[in-house]
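Below: protein38.txt (compact mmCIF, C-alpha atoms)
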```txt
# COMPACT_ATOMS: atom_id res chain seq x y z
CA MET W 1076 0.00 0.00 0.00
CA GLY W 1077 1.22 3.49 -0.81
CA ARG W 1078 1.43 6.06 1.96
CA TRP W 1079 -1.47 7.95 0.33
CA GLU W 1080 -3.73 5.05 1.37
CA PRO W 1081 -3.54 4.95 5.16
CA ASP W 1082 -5.74 2.14 6.51
CA ALA W 1083 -7.30 1.53 3.10
CA GLN W 1084 -8.38 -1.95 4.22
CA GLY W 1085 -10.12 -0.63 7.34
CA ARG W 1086 -11.87 2.05 5.28
CA MET W 1087 -13.09 -0.53 2.78
CA MET W 1088 -14.37 -2.79 5.58
CA ARG W 1089 -16.32 0.09 7.14
CA ALA W 1090 -17.61 1.26 3.74
CA ALA W 1091 -18.78 -2.27 2.92
CA ILE W 1092 -20.71 -2.64 6.18
CA GLU W 1093 -22.37 0.76 5.58
CA LEU W 1094 -23.33 -0.06 2.00
CA PHE W 1095 -24.52 -3.61 2.72
CA ALA W 1096 -26.75 -2.17 5.47
CA GLU W 1097 -28.04 0.70 3.29
CA ARG W 1098 -28.57 -1.04 -0.07
CA GLY W 1099 -28.41 -4.72 0.76
CA PHE W 1100 -25.57 -7.11 0.09
CA ASP W 1101 -26.78 -8.19 -3.36
CA LYS W 1102 -27.14 -4.64 -4.64
CA THR W 1103 -23.68 -3.47 -3.58
CA THR W 1104 -20.72 -3.95 -5.93
CA ALA W 1105 -17.00 -4.01 -5.25
CA GLY W 1106 -16.84 -0.76 -7.23
CA ASP W 1107 -19.38 0.86 -4.87
CA ILE W 1108 -17.29 -0.12 -1.87
CA ALA W 1109 -14.08 1.20 -3.43
CA GLU W 1110 -15.79 4.50 -4.29
CA ARG W 1111 -17.20 4.99 -0.78
CA ALA W 1112 -13.78 4.18 0.72
CA GLY W 1113 -12.06 6.60 -1.68
CA VAL W 1114 -9.86 3.97 -3.36
CA THR W 1115 -9.74 2.52 -6.86
CA GLU W 1116 -11.36 -0.77 -7.76
CA ARG W 1117 -7.86 -2.08 -8.44
CA THR W 1118 -6.95 -1.35 -4.82
CA PHE W 1119 -10.09 -3.18 -3.69
CA PHE W 1120 -9.07 -6.30 -5.57
CA ARG W 1121 -5.53 -6.07 -4.23
CA HIS W 1122 -7.02 -6.56 -0.75
CA PHE W 1123 -10.03 -8.80 -1.34
CA ALA W 1124 -10.94 -11.56 -3.82
CA ASP W 1125 -14.59 -10.42 -3.89
CA LYS W 1126 -17.13 -8.40 -1.91
CA ARG W 1127 -17.89 -11.38 0.36
CA GLU W 1128 -14.29 -11.50 1.54
CA VAL W 1129 -14.54 -8.00 3.02
CA LEU W 1130 -16.77 -9.48 5.73
CA PHE W 1131 -14.33 -12.27 6.51
CA ALA W 1132 -11.06 -10.36 6.48
CA GLY W 1133 -9.25 -10.95 9.73
CA SER W 1134 -10.51 -14.48 10.27
CA ASP W 1135 -6.99 -15.80 9.61
CA VAL W 1136 -5.70 -13.51 12.38
CA MET W 1137 -8.40 -14.91 14.64
CA GLU W 1138 -7.32 -18.49 13.88
CA ARG W 1139 -3.66 -17.68 14.52
CA THR W 1140 -4.52 -15.90 17.77
CA ALA W 1141 -6.50 -18.92 18.99
CA TYR W 1142 -3.71 -21.27 17.96
CA ASP W 1143 -1.05 -19.23 19.75
CA ALA W 1144 -3.11 -18.88 22.94
CA ILE W 1145 -3.81 -22.62 23.10
CA THR W 1146 -0.16 -23.41 22.48
CA ALA W 1147 0.90 -21.01 25.26
CA ALA W 1148 -1.77 -22.11 27.77
CA PRO W 1149 -0.56 -23.64 31.07
CA ALA W 1150 0.35 -27.31 30.63
CA ASP W 1151 -2.01 -28.46 33.39
CA LEU W 1152 -5.17 -27.20 31.68
CA THR W 1153 -7.55 -29.87 30.39
CA PRO W 1154 -7.89 -30.03 26.58
CA LEU W 1155 -11.28 -28.27 26.72
CA ASP W 1156 -10.02 -25.51 29.02
CA ALA W 1157 -6.96 -24.98 26.81
CA ALA W 1158 -9.21 -24.76 23.75
CA LEU W 1159 -11.48 -22.26 25.55
CA THR W 1160 -8.42 -20.09 26.30
CA GLY W 1161 -8.03 -19.85 22.53
CA MET W 1162 -11.66 -18.83 22.07
CA VAL W 1163 -11.34 -16.04 24.66
CA ALA W 1164 -8.18 -14.80 22.93
CA ALA W 1165 -9.85 -14.88 19.49
CA GLY W 1166 -12.89 -13.03 20.84
CA GLY W 1167 -10.58 -10.47 22.47
CA LEU W 1168 -9.68 -9.23 18.98
CA LEU W 1169 -13.25 -7.99 18.62
CA ALA W 1170 -13.46 -6.29 22.02
CA ASP W 1171 -13.26 -2.69 20.80
CA ARG W 1172 -15.25 -3.36 17.60
CA HIS W 1173 -18.60 -4.31 19.04
CA ASP W 1174 -20.69 -2.00 16.80
CA HIS W 1175 -18.94 -3.32 13.72
CA ALA W 1176 -19.47 -6.93 14.86
CA VAL W 1177 -23.20 -6.34 15.47
CA ARG W 1178 -23.75 -4.79 12.04
CA ARG W 1179 -21.68 -7.48 10.36
CA ALA W 1180 -23.62 -10.25 12.12
CA ARG W 1181 -26.93 -8.78 10.92
CA ILE W 1182 -25.72 -8.70 7.32
CA VAL W 1183 -24.50 -12.31 7.47
CA ALA W 1184 -27.77 -13.45 9.09
CA ALA W 1185 -29.83 -11.73 6.37
CA ASN W 1186 -27.91 -13.28 3.45
CA PRO W 1187 -27.99 -17.07 3.07
CA SER W 1188 -25.20 -16.83 0.48
CA LEU W 1189 -22.89 -15.74 3.30
CA HIS W 1190 -23.77 -18.60 5.64
CA GLU W 1191 -21.50 -21.07 3.84
CA ARG W 1192 -18.51 -18.83 4.23
CA GLU W 1193 -19.33 -18.26 7.89
CA LEU W 1194 -19.45 -22.05 8.36
CA LEU W 1195 -16.11 -22.41 6.59
CA LYS W 1196 -14.63 -19.76 8.88
CA LEU W 1197 -15.81 -21.66 11.95
CA ALA W 1198 -14.48 -24.91 10.44
CA ALA W 1199 -11.08 -23.24 9.94
CA LEU W 1200 -11.12 -22.07 13.57
CA THR W 1201 -11.93 -25.65 14.60
CA GLU W 1202 -9.02 -26.95 12.50
CA ALA W 1203 -6.61 -24.42 14.05
CA THR W 1204 -7.82 -25.50 17.50
CA VAL W 1205 -7.33 -29.20 16.67
CA SER W 1206 -3.77 -28.47 15.46
CA ALA W 1207 -2.89 -26.54 18.59
CA LEU W 1208 -4.32 -29.29 20.83
CA ARG W 1209 -2.34 -31.94 18.95
CA GLY W 1210 0.74 -29.82 19.55
CA ARG W 1211 -0.03 -30.20 23.27
CA GLY W 1212 -0.07 -33.98 22.87
CA VAL W 1213 -3.85 -34.38 22.85
CA THR W 1214 -4.96 -37.35 20.73
CA GLU W 1215 -8.18 -38.19 18.86
CA PRO W 1216 -11.07 -38.30 19.46
CA THR W 1217 -10.40 -35.91 22.37
CA ALA W 1218 -8.73 -33.22 20.24
CA GLY W 1219 -11.61 -33.12 17.74
CA LEU W 1220 -14.30 -33.21 20.42
CA ALA W 1221 -12.63 -30.50 22.51
CA ALA W 1222 -12.08 -28.30 19.46
CA HIS W 1223 -15.67 -28.67 18.20
CA SER W 1224 -17.02 -28.06 21.71
CA ALA W 1225 -14.87 -24.95 22.17
CA VAL W 1226 -15.91 -23.52 18.80
CA THR W 1227 -19.56 -24.25 19.64
CA VAL W 1228 -19.04 -22.29 22.87
CA PHE W 1229 -17.43 -19.50 20.81
CA HIS W 1230 -20.40 -19.49 18.43
CA VAL W 1231 -22.98 -19.35 21.25
CA ALA W 1232 -20.97 -16.72 23.15
CA PHE W 1233 -20.60 -14.61 20.01
CA ALA W 1234 -24.33 -14.83 19.19
CA ARG W 1235 -25.13 -13.53 22.68
CA TRP W 1236 -22.42 -10.85 22.52
CA VAL W 1237 -23.79 -9.35 19.27
CA SER W 1238 -27.43 -9.66 20.34
CA THR W 1239 -27.34 -6.64 22.63
CA ASP W 1240 -26.09 -3.05 22.48
CA GLU W 1241 -24.60 -3.19 25.99
CA PRO W 1242 -22.94 -6.60 26.00
CA PRO W 1243 -21.14 -8.29 28.88
CA GLY W 1244 -17.42 -8.91 28.28
CA PHE W 1245 -16.74 -11.53 25.62
CA ASP W 1246 -14.87 -13.64 28.19
CA ASP W 1247 -17.97 -13.65 30.41
CA CYS W 1248 -20.06 -14.80 27.43
CA VAL W 1249 -17.56 -17.63 26.87
CA ALA W 1250 -17.56 -18.57 30.56
CA ASP W 1251 -21.39 -18.68 30.69
CA ALA W 1252 -21.67 -20.75 27.50
CA ALA W 1253 -18.96 -23.14 28.77
CA ALA W 1254 -20.82 -23.53 32.08
CA ALA W 1255 -24.04 -24.32 30.17
CA LEU W 1256 -22.13 -26.91 28.12
CA ARG W 1257 -20.76 -28.59 31.25
CA GLU W 1258 -24.22 -28.68 32.77
CA LEU W 1259 -25.50 -30.36 29.61
CA THR W 1260 -23.20 -33.34 29.88
CA MET M 1070 -40.37 -41.63 -12.70
CA GLY M 1071 -41.73 -44.01 -15.32
CA ARG M 1072 -41.96 -47.72 -14.53
CA TRP M 1073 -39.14 -48.38 -17.02
CA GLU M 1074 -36.74 -46.67 -14.61
CA PRO M 1075 -36.84 -48.78 -11.44
CA ASP M 1076 -34.57 -47.26 -8.76
CA ALA M 1077 -33.06 -44.79 -11.25
CA GLN M 1078 -31.92 -42.60 -8.34
CA GLY M 1079 -30.14 -45.45 -6.58
CA ARG M 1080 -28.45 -46.46 -9.84
CA MET M 1081 -27.24 -42.91 -10.43
CA MET M 1082 -25.91 -42.68 -6.87
CA ARG M 1083 -23.96 -45.92 -7.28
CA ALA M 1084 -22.73 -44.91 -10.76
CA ALA M 1085 -21.54 -41.55 -9.44
CA ILE M 1086 -19.55 -43.13 -6.59
CA GLU M 1087 -17.94 -45.56 -9.07
CA LEU M 1088 -17.02 -42.83 -11.55
CA PHE M 1089 -15.79 -40.34 -8.96
CA ALA M 1090 -13.52 -43.09 -7.57
CA GLU M 1091 -12.29 -44.19 -11.03
CA ARG M 1092 -11.82 -40.83 -12.79
CA GLY M 1093 -11.92 -38.29 -10.01
CA PHE M 1094 -14.76 -35.96 -9.11
CA ASP M 1095 -13.59 -33.10 -11.34
CA LYS M 1096 -13.28 -35.26 -14.44
CA THR M 1097 -16.74 -36.84 -14.16
CA THR M 1098 -19.74 -35.10 -15.74
CA ALA M 1099 -23.45 -35.45 -15.07
CA GLY M 1100 -23.67 -36.99 -18.56
CA ASP M 1101 -21.09 -39.67 -17.62
CA ILE M 1102 -23.13 -40.58 -14.54
CA ALA M 1103 -26.38 -40.76 -16.52
CA GLU M 1104 -24.73 -42.96 -19.16
CA ARG M 1105 -23.25 -45.38 -16.60
CA ALA M 1106 -26.64 -45.59 -14.85
CA GLY M 1107 -28.45 -46.20 -18.14
CA VAL M 1108 -30.62 -43.09 -17.99
CA THR M 1109 -30.80 -39.89 -20.01
CA GLU M 1110 -29.15 -36.65 -18.88
CA ARG M 1111 -32.65 -35.22 -18.63
CA THR M 1112 -33.52 -37.89 -16.08
CA PHE M 1113 -30.33 -37.04 -14.16
CA PHE M 1114 -31.35 -33.41 -13.87
CA ARG M 1115 -34.88 -34.35 -12.83
CA HIS M 1116 -33.32 -35.96 -9.73
CA PHE M 1117 -30.29 -33.79 -8.98
CA ALA M 1118 -29.40 -30.11 -9.44
CA ASP M 1119 -25.77 -31.00 -10.24
CA LYS M 1120 -23.22 -33.78 -9.83
CA ARG M 1121 -22.39 -32.66 -6.29
CA GLU M 1122 -25.97 -33.24 -5.17
CA VAL M 1123 -25.71 -36.95 -5.97
CA LEU M 1124 -23.42 -37.29 -2.96
CA PHE M 1125 -25.81 -35.44 -0.66
CA ALA M 1126 -29.11 -37.00 -1.72
CA GLY M 1127 -30.84 -38.39 1.31
CA SER M 1128 -29.55 -35.81 3.77
CA ASP M 1129 -33.06 -34.36 4.07
CA VAL M 1130 -34.32 -37.84 5.04
CA MET M 1131 -31.56 -37.97 7.63
CA GLU M 1132 -32.63 -34.62 9.09
CA ARG M 1133 -36.27 -35.67 9.23
CA THR M 1134 -35.36 -38.99 10.84
CA ALA M 1135 -33.33 -37.22 13.54
CA TYR M 1136 -36.13 -34.71 14.09
CA ASP M 1137 -38.78 -37.42 14.45
CA ALA M 1138 -36.64 -39.53 16.82
CA ILE M 1139 -35.90 -36.56 19.08
CA THR M 1140 -39.57 -35.57 19.12
CA ALA M 1141 -40.58 -39.14 20.03
CA ALA M 1142 -37.85 -39.68 22.64
CA PRO M 1143 -38.98 -40.32 26.25
CA ALA M 1144 -39.87 -37.08 28.02
CA ASP M 1145 -37.45 -37.71 30.90
CA LEU M 1146 -34.32 -37.74 28.70
CA THR M 1147 -31.95 -34.80 29.13
CA PRO M 1148 -31.69 -32.47 26.09
CA LEU M 1149 -28.32 -33.98 25.13
CA ASP M 1150 -29.55 -37.56 25.44
CA ALA M 1151 -32.66 -36.75 23.41
CA ALA M 1152 -30.47 -35.16 20.73
CA LEU M 1153 -28.20 -38.23 20.71
CA THR M 1154 -31.25 -40.44 20.14
CA GLY M 1155 -31.73 -38.48 16.94
CA MET M 1156 -28.12 -39.04 15.88
CA VAL M 1157 -28.40 -42.80 16.40
CA ALA M 1158 -31.62 -42.83 14.35
CA ALA M 1159 -30.02 -40.78 11.55
CA GLY M 1160 -26.98 -43.06 11.52
CA GLY M 1161 -29.26 -46.08 11.44
CA LEU M 1162 -30.26 -45.11 7.89
CA LEU M 1163 -26.70 -45.91 6.81
CA ALA M 1164 -26.44 -49.24 8.61
CA ASP M 1165 -26.70 -51.48 5.55
CA ARG M 1166 -24.79 -49.11 3.26
CA HIS M 1167 -21.38 -49.15 4.92
CA ASP M 1168 -19.38 -49.75 1.72
CA HIS M 1169 -21.16 -46.90 -0.02
CA ALA M 1170 -20.58 -44.60 2.98
CA VAL M 1171 -16.85 -45.43 3.07
CA ARG M 1172 -16.37 -44.72 -0.63
CA ARG M 1173 -18.43 -41.56 -0.43
CA ALA M 1174 -16.44 -40.30 2.58
CA ARG M 1175 -13.17 -40.80 0.68
CA ILE M 1176 -14.45 -38.80 -2.29
CA VAL M 1177 -15.63 -35.94 -0.07
CA ALA M 1178 -12.32 -35.92 1.85
CA ALA M 1179 -10.33 -35.76 -1.41
CA ASN M 1180 -12.29 -32.82 -2.87
CA PRO M 1181 -12.19 -29.51 -1.00
CA SER M 1182 -15.02 -28.23 -3.21
CA LEU M 1183 -17.29 -30.75 -1.47
CA HIS M 1184 -16.33 -29.74 2.07
CA GLU M 1185 -18.62 -26.69 2.05
CA ARG M 1186 -21.62 -28.77 1.15
CA GLU M 1187 -20.73 -31.33 3.81
CA LEU M 1188 -20.58 -28.50 6.36
CA LEU M 1189 -23.95 -27.20 5.18
CA LYS M 1190 -25.41 -30.68 5.57
CA LEU M 1191 -24.15 -30.88 9.16
CA ALA M 1192 -25.48 -27.37 9.81
CA ALA M 1193 -28.91 -28.46 8.51
CA LEU M 1194 -28.80 -31.50 10.81
CA THR M 1195 -27.93 -29.15 13.70
CA GLU M 1196 -30.88 -26.90 12.78
CA ALA M 1197 -33.28 -29.87 12.65
CA THR M 1198 -31.99 -30.97 16.07
CA VAL M 1199 -32.47 -27.47 17.52
CA SER M 1200 -36.06 -27.38 16.20
CA ALA M 1201 -36.88 -30.77 17.66
CA LEU M 1202 -35.40 -29.79 21.05
CA ARG M 1203 -37.39 -26.55 21.07
CA GLY M 1204 -40.48 -28.64 20.42
CA ARG M 1205 -39.62 -30.47 23.67
CA GLY M 1206 -39.57 -27.14 25.50
CA VAL M 1207 -35.77 -26.80 25.64
CA THR M 1208 -34.70 -23.14 25.57
CA GLU M 1209 -31.51 -21.37 24.46
CA PRO M 1210 -28.59 -21.59 24.96
CA THR M 1211 -29.23 -25.23 25.98
CA ALA M 1212 -30.96 -26.22 22.72
CA GLY M 1213 -28.13 -24.85 20.56
CA LEU M 1214 -25.38 -26.31 22.74
CA ALA M 1215 -27.03 -29.73 22.94
CA ALA M 1216 -27.66 -29.79 19.17
CA HIS M 1217 -24.10 -28.74 18.30
CA SER M 1218 -22.68 -31.25 20.78
CA ALA M 1219 -24.85 -34.06 19.42
CA VAL M 1220 -23.89 -33.29 15.81
CA THR M 1221 -20.21 -33.18 16.84
CA VAL M 1222 -20.68 -36.63 18.37
CA PHE M 1223 -22.37 -37.74 15.12
CA HIS M 1224 -19.44 -36.36 13.10
CA VAL M 1225 -16.80 -38.08 15.26
CA ALA M 1226 -18.80 -41.34 15.35
CA PHE M 1227 -19.26 -41.26 11.59
CA ALA M 1228 -15.55 -40.61 10.96
CA ARG M 1229 -14.69 -43.66 13.03
CA TRP M 1230 -17.42 -45.78 11.43
CA VAL M 1231 -16.15 -45.15 7.89
CA SER M 1232 -12.48 -45.49 8.86
CA THR M 1233 -12.56 -49.28 9.00
CA ASP M 1234 -13.86 -52.11 6.84
CA GLU M 1235 -15.26 -54.02 9.83
CA PRO M 1236 -16.89 -51.25 11.84
CA PRO M 1237 -18.61 -51.52 15.22
CA GLY M 1238 -22.33 -50.70 15.15
CA PHE M 1239 -23.04 -47.03 14.48
CA ASP M 1240 -24.83 -46.78 17.84
CA ASP M 1241 -21.67 -48.03 19.59
CA CYS M 1242 -19.64 -45.37 17.76
CA VAL M 1243 -22.13 -42.74 18.99
CA ALA M 1244 -22.03 -44.09 22.56
CA ASP M 1245 -18.21 -44.05 22.64
CA ALA M 1246 -17.97 -40.53 21.20
CA ALA M 1247 -20.63 -39.31 23.67
CA ALA M 1248 -18.69 -40.88 26.56
CA ALA M 1249 -15.51 -39.12 25.39
CA LEU M 1250 -17.44 -35.84 25.24
CA ARG M 1251 -18.73 -36.26 28.79
CA GLU M 1252 -15.24 -37.04 30.02
CA LEU M 1253 -14.00 -33.85 28.38
CA THR M 1254 -16.27 -31.58 30.38
```
Will you turn the file into structure tokens for me?
Amino acid sequence: MGRWEPDAQGRMMRAAIELFAERGFDKTTAGDIAERAGVTERTFFRHFADKREVLFAGSDVMERTAYDAITAAPADLTPLDAALTGMVAAGGLLADRHDHAVRRARIVAANPSLHERELLKLAALTEATVSALRGRGVTEPTAGLAAHSAVTVFHVAFARWVSTDEPPGFDDCVADAAAALRELT
Amino acid sequence: MGRWEPDAQGRMMRAAIELFAERGFDKTTAGDIAERAGVTERTFFRHFADKREVLFAGSDVMERTAYDAITAAPADLTPLDAALTGMVAAGGLLADRHDHAVRRARIVAANPSLHERELLKLAALTEATVSALRGRGVTEPTAGLAAHSAVTVFHVAFARWVSTDEPPGFDDCVADAAAALRELT
């Protein structure tokens, strides 16, 4: 990126959320997003493969953050607790972007064509969690079960976190969902 | 279907599995499948939207079977146990088709373009499970957590069931995966 484009990616992400909310996802083009963000279409496509990707930028950072946190978690944690440490760390990335997360969640919920990519994102987070658990010496089926359970907790915690304008901390949402999971079994 | 096409759908499903295994998924066309099954391409497209769908035919029956079993499960079962009853019932549909399931699982695993649809199928099974649990009066977040946990158990049980030529019963695979899940929490 040239220095005349400070935070072009952030501007495009904010412009996309605005436009998807105003006009609908289907009626917004990559060109519209570039224009609103004050960049060229060529710049848009240097950052994103298509307009869908704008909503999923940063999910690789989330996966890496979860992986690193699980790898660094105290050795005496159970597999599930280690995996949950990763979910809290991943959610922490969103802490100061609650408004953005709420608006993004509404757009995804309203557009079935985005559900697949959301599922793939959660599957990638599950895979990252499985890898990190295996790195801690956890074997199957425990690694897969702990990873799926932790990502389910993440999913439930996230749904609650974006369902209200004055949310509890993301780590509290994770703790409550994890407690409900333990009660279940 | 005319009476000159007995079990055309079953023949197409078997032909597709054969061809995908022989030539690869990408190199097989809907026309190839129709030809091997002895039907016209028009008949193929009356049954399936595309060649991917051949591998996912029957997943709606699986969802309905899970839904019905959960709805009919004894009232005193916990939400998770009721949901697991649905998974055993859904898996029961596969009982006498183990060879087919093994070959199908290998094709899906080898083709990333099929992973999304597999995830969508599991998400639909989760949704059916949530609906059935709500019908039993289970509220959120318990319904979502129990449904996700049960489908995770289904996923792990299924992976084990198709990983060997002489599998244990599907219900034993579910019971073992559920026990591992309980141990986790």
Using only C-alpha atoms: which of W:Ala1218, W:Val1177, W:Ala1141, W:Met1162 has the shortest distance to chain M: W:Ala1218
Taking only residues of chain W that have an atom at most 8 Å from an atom of chain M, what is each one's shortest atom pair and its distance in Å to one decimal, using all atoms listed in the file, in chain and number order, as a tab-separated table?
```
residue	atom	partner	partner_atom	distance
W:Thr1153	CA	M:Leu1253	CA	7.8
W:Pro1154	CA	M:Leu1253	CA	7.4
W:Leu1155	CA	M:Leu1253	CA	6.4
W:Glu1191	CA	M:Glu1185	CA	6.6
W:Leu1194	CA	M:Leu1188	CA	6.8
W:Leu1195	CA	M:Glu1185	CA	6.7
W:Pro1216	CA	M:Val1225	CA	7.1
W:Thr1217	CA	M:Ala1249	CA	6.7
W:Gly1219	CA	M:Val1225	CA	7.6
W:Leu1220	CA	M:Leu1250	CA	6.3
W:Ala1221	CA	M:Leu1253	CA	6.9
W:His1223	CA	M:Thr1221	CA	6.5
W:Ser1224	CA	M:Ser1218	CA	6.6
W:Thr1227	CA	M:His1217	CA	6.5
W:Val1228	CA	M:Leu1214	CA	7.5
W:Val1231	CA	M:Pro1210	CA	7.1
W:Ala1252	CA	M:Pro1210	CA	7.4
W:Ala1255	CA	M:Thr1211	CA	6.7
W:Leu1256	CA	M:Leu1214	CA	6.3
W:Arg1257	CA	M:Thr1254	CA	5.5
W:Leu1259	CA	M:Leu1149	CA	6.4
W:Thr1260	CA	M:Arg1251	CA	5.4
```
One-decimal distance in Å that lies between atom CA of W:Arg1139 and atom CA of W:Leu1169: 14.2 Å
Atom CA of W:Lys1126 to atom CA of W:Ala1176, distance in Å rounded to a single decimal: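 Separating atom CA of W:Lys1126 from atom CA of W:Ala1176 is a distance of 17.0 Å.
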Separation of atom CA of M:Gly1155 from atom CA of M:Thr1140 in Å: 8.6 Å
Close residues, M:Ile1102 itself excluded, 9 Å, all atoms listed in the file, min 2 positions apart in chain, as a PyMOL selection string: chain M and resi 1081-1082+1084-1085+1088+1097-1100+1104-1108+1110+1113+1120
Taking (-13.1, -42.3, -9.7) in the file's coordinates as the center, which residues reach within 12 Å of it, counting all atoms listed in the file, put as a PDB file with C-alpha atoms, in the coordinates of the input?
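Okay, point06.pdb is ready:
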```
ATOM      1  CA  ARG M1083     -23.960 -45.920  -7.280  1.00  0.00           C
ATOM      2  CA  ALA M1084     -22.730 -44.910 -10.760  1.00  0.00           C
ATOM      3  CA  ALA M1085     -21.540 -41.550  -9.440  1.00  0.00           C
ATOM      4  CA  ILE M1086     -19.550 -43.130  -6.590  1.00  0.00           C
ATOM      5  CA  GLU M1087     -17.940 -45.560  -9.070  1.00  0.00           C
ATOM      6  CA  LEU M1088     -17.020 -42.830 -11.550  1.00  0.00           C
ATOM      7  CA  PHE M1089     -15.790 -40.340  -8.960  1.00  0.00           C
ATOM      8  CA  ALA M1090     -13.520 -43.090  -7.570  1.00  0.00           C
ATOM      9  CA  GLU M1091     -12.290 -44.190 -11.030  1.00  0.00           C
ATOM     10  CA  ARG M1092     -11.820 -40.830 -12.790  1.00  0.00           C
ATOM     11  CA  GLY M1093     -11.920 -38.290 -10.010  1.00  0.00           C
ATOM     12  CA  PHE M1094     -14.760 -35.960  -9.110  1.00  0.00           C
ATOM     13  CA  ASP M1095     -13.590 -33.100 -11.340  1.00  0.00           C
ATOM     14  CA  LYS M1096     -13.280 -35.260 -14.440  1.00  0.00           C
ATOM     15  CA  THR M1097     -16.740 -36.840 -14.160  1.00  0.00           C
ATOM     16  CA  THR M1098     -19.740 -35.100 -15.740  1.00  0.00           C
ATOM     17  CA  ASP M1101     -21.090 -39.670 -17.620  1.00  0.00           C
ATOM     18  CA  ILE M1102     -23.130 -40.580 -14.540  1.00  0.00           C
ATOM     19  CA  ARG M1172     -16.370 -44.720  -0.630  1.00  0.00           C
ATOM     20  CA  ARG M1173     -18.430 -41.560  -0.430  1.00  0.00           C
ATOM     21  CA  ARG M1175     -13.170 -40.800   0.680  1.00  0.00           C
ATOM     22  CA  ILE M1176     -14.450 -38.800  -2.290  1.00  0.00           C
ATOM     23  CA  VAL M1177     -15.630 -35.940  -0.070  1.00  0.00           C
ATOM     24  CA  ALA M1179     -10.330 -35.760  -1.410  1.00  0.00           C
ATOM     25  CA  ASN M1180     -12.290 -32.820  -2.870  1.00  0.00           C
TER      26      ASN M1180
END
```
Give the padded box for stretch 1190-1197 of chain M as AutoDock Vina command-line options: axis-aligned, covering all atoms listed in the file, 3 Å on each side, centre and edge lengths in Å to one decimal.
```
--center_x -28.7 --center_y -29.2 --center_z 9.6 --size_x 15.1 --size_y 10.6 --size_z 14.1
```
Nearest to W:Glu1193, chosen from W:Ile1145, W:Leu1159, W:Ala1180, W:Val1205, with all atoms listed in the file counted in the distances: W:Ala1180
Got a sec to write stretch 1084-1097 of chain M of the block to a file, N, CA and C atoms, as a PDB file, in the first residue's frame?
```pdb
ATOM      1  N   ALA M1084     -23.573 -45.231  -9.596  1.00  0.00           N
ATOM      2  CA  ALA M1084     -22.730 -44.914 -10.760  1.00  0.00           C
ATOM      3  C   ALA M1084     -21.808 -43.738 -10.456  1.00  0.00           C
ATOM      4  N   ALA M1085     -22.340 -42.735  -9.748  1.00  0.00           N
ATOM      5  CA  ALA M1085     -21.542 -41.549  -9.438  1.00  0.00           C
ATOM      6  C   ALA M1085     -20.360 -41.919  -8.545  1.00  0.00           C
ATOM      7  N   ILE M1086     -20.615 -42.715  -7.513  1.00  0.00           N
ATOM      8  CA  ILE M1086     -19.550 -43.125  -6.594  1.00  0.00           C
ATOM      9  C   ILE M1086     -18.468 -43.894  -7.369  1.00  0.00           C
ATOM     10  N   GLU M1087     -18.907 -44.792  -8.256  1.00  0.00           N
ATOM     11  CA  GLU M1087     -17.944 -45.556  -9.066  1.00  0.00           C
ATOM     12  C   GLU M1087     -17.090 -44.619  -9.907  1.00  0.00           C
ATOM     13  N   LEU M1088     -17.744 -43.709 -10.627  1.00  0.00           N
ATOM     14  CA  LEU M1088     -17.025 -42.832 -11.555  1.00  0.00           C
ATOM     15  C   LEU M1088     -16.123 -41.840 -10.829  1.00  0.00           C
ATOM     16  N   PHE M1089     -16.617 -41.275  -9.726  1.00  0.00           N
ATOM     17  CA  PHE M1089     -15.789 -40.340  -8.960  1.00  0.00           C
ATOM     18  C   PHE M1089     -14.524 -41.050  -8.469  1.00  0.00           C
ATOM     19  N   ALA M1090     -14.674 -42.322  -8.059  1.00  0.00           N
ATOM     20  CA  ALA M1090     -13.520 -43.087  -7.569  1.00  0.00           C
ATOM     21  C   ALA M1090     -12.567 -43.437  -8.720  1.00  0.00           C
ATOM     22  N   GLU M1091     -13.123 -43.778  -9.879  1.00  0.00           N
ATOM     23  CA  GLU M1091     -12.287 -44.187 -11.027  1.00  0.00           C
ATOM     24  C   GLU M1091     -11.571 -43.005 -11.675  1.00  0.00           C
ATOM     25  N   ARG M1092     -12.355 -41.936 -11.981  1.00  0.00           N
ATOM     26  CA  ARG M1092     -11.818 -40.832 -12.793  1.00  0.00           C
ATOM     27  C   ARG M1092     -11.510 -39.584 -11.995  1.00  0.00           C
ATOM     28  N   GLY M1093     -12.014 -39.526 -10.782  1.00  0.00           N
ATOM     29  CA  GLY M1093     -11.921 -38.290 -10.006  1.00  0.00           C
ATOM     30  C   GLY M1093     -13.205 -37.494 -10.152  1.00  0.00           C
ATOM     31  N   PHE M1094     -13.530 -36.747  -9.120  1.00  0.00           N
ATOM     32  CA  PHE M1094     -14.764 -35.957  -9.108  1.00  0.00           C
ATOM     33  C   PHE M1094     -14.767 -34.915 -10.220  1.00  0.00           C
ATOM     34  N   ASP M1095     -13.642 -34.198 -10.376  1.00  0.00           N
ATOM     35  CA  ASP M1095     -13.593 -33.096 -11.342  1.00  0.00           C
ATOM     36  C   ASP M1095     -13.755 -33.582 -12.777  1.00  0.00           C
ATOM     37  N   LYS M1096     -13.280 -34.786 -13.043  1.00  0.00           N
ATOM     38  CA  LYS M1096     -13.279 -35.259 -14.435  1.00  0.00           C
ATOM     39  C   LYS M1096     -14.545 -36.034 -14.813  1.00  0.00           C
ATOM     40  N   THR M1097     -15.480 -36.137 -13.875  1.00  0.00           N
ATOM     41  CA  THR M1097     -16.738 -36.838 -14.155  1.00  0.00           C
ATOM     42  C   THR M1097     -17.841 -35.812 -14.407  1.00  0.00           C
TER      43      THR M1097
END
```
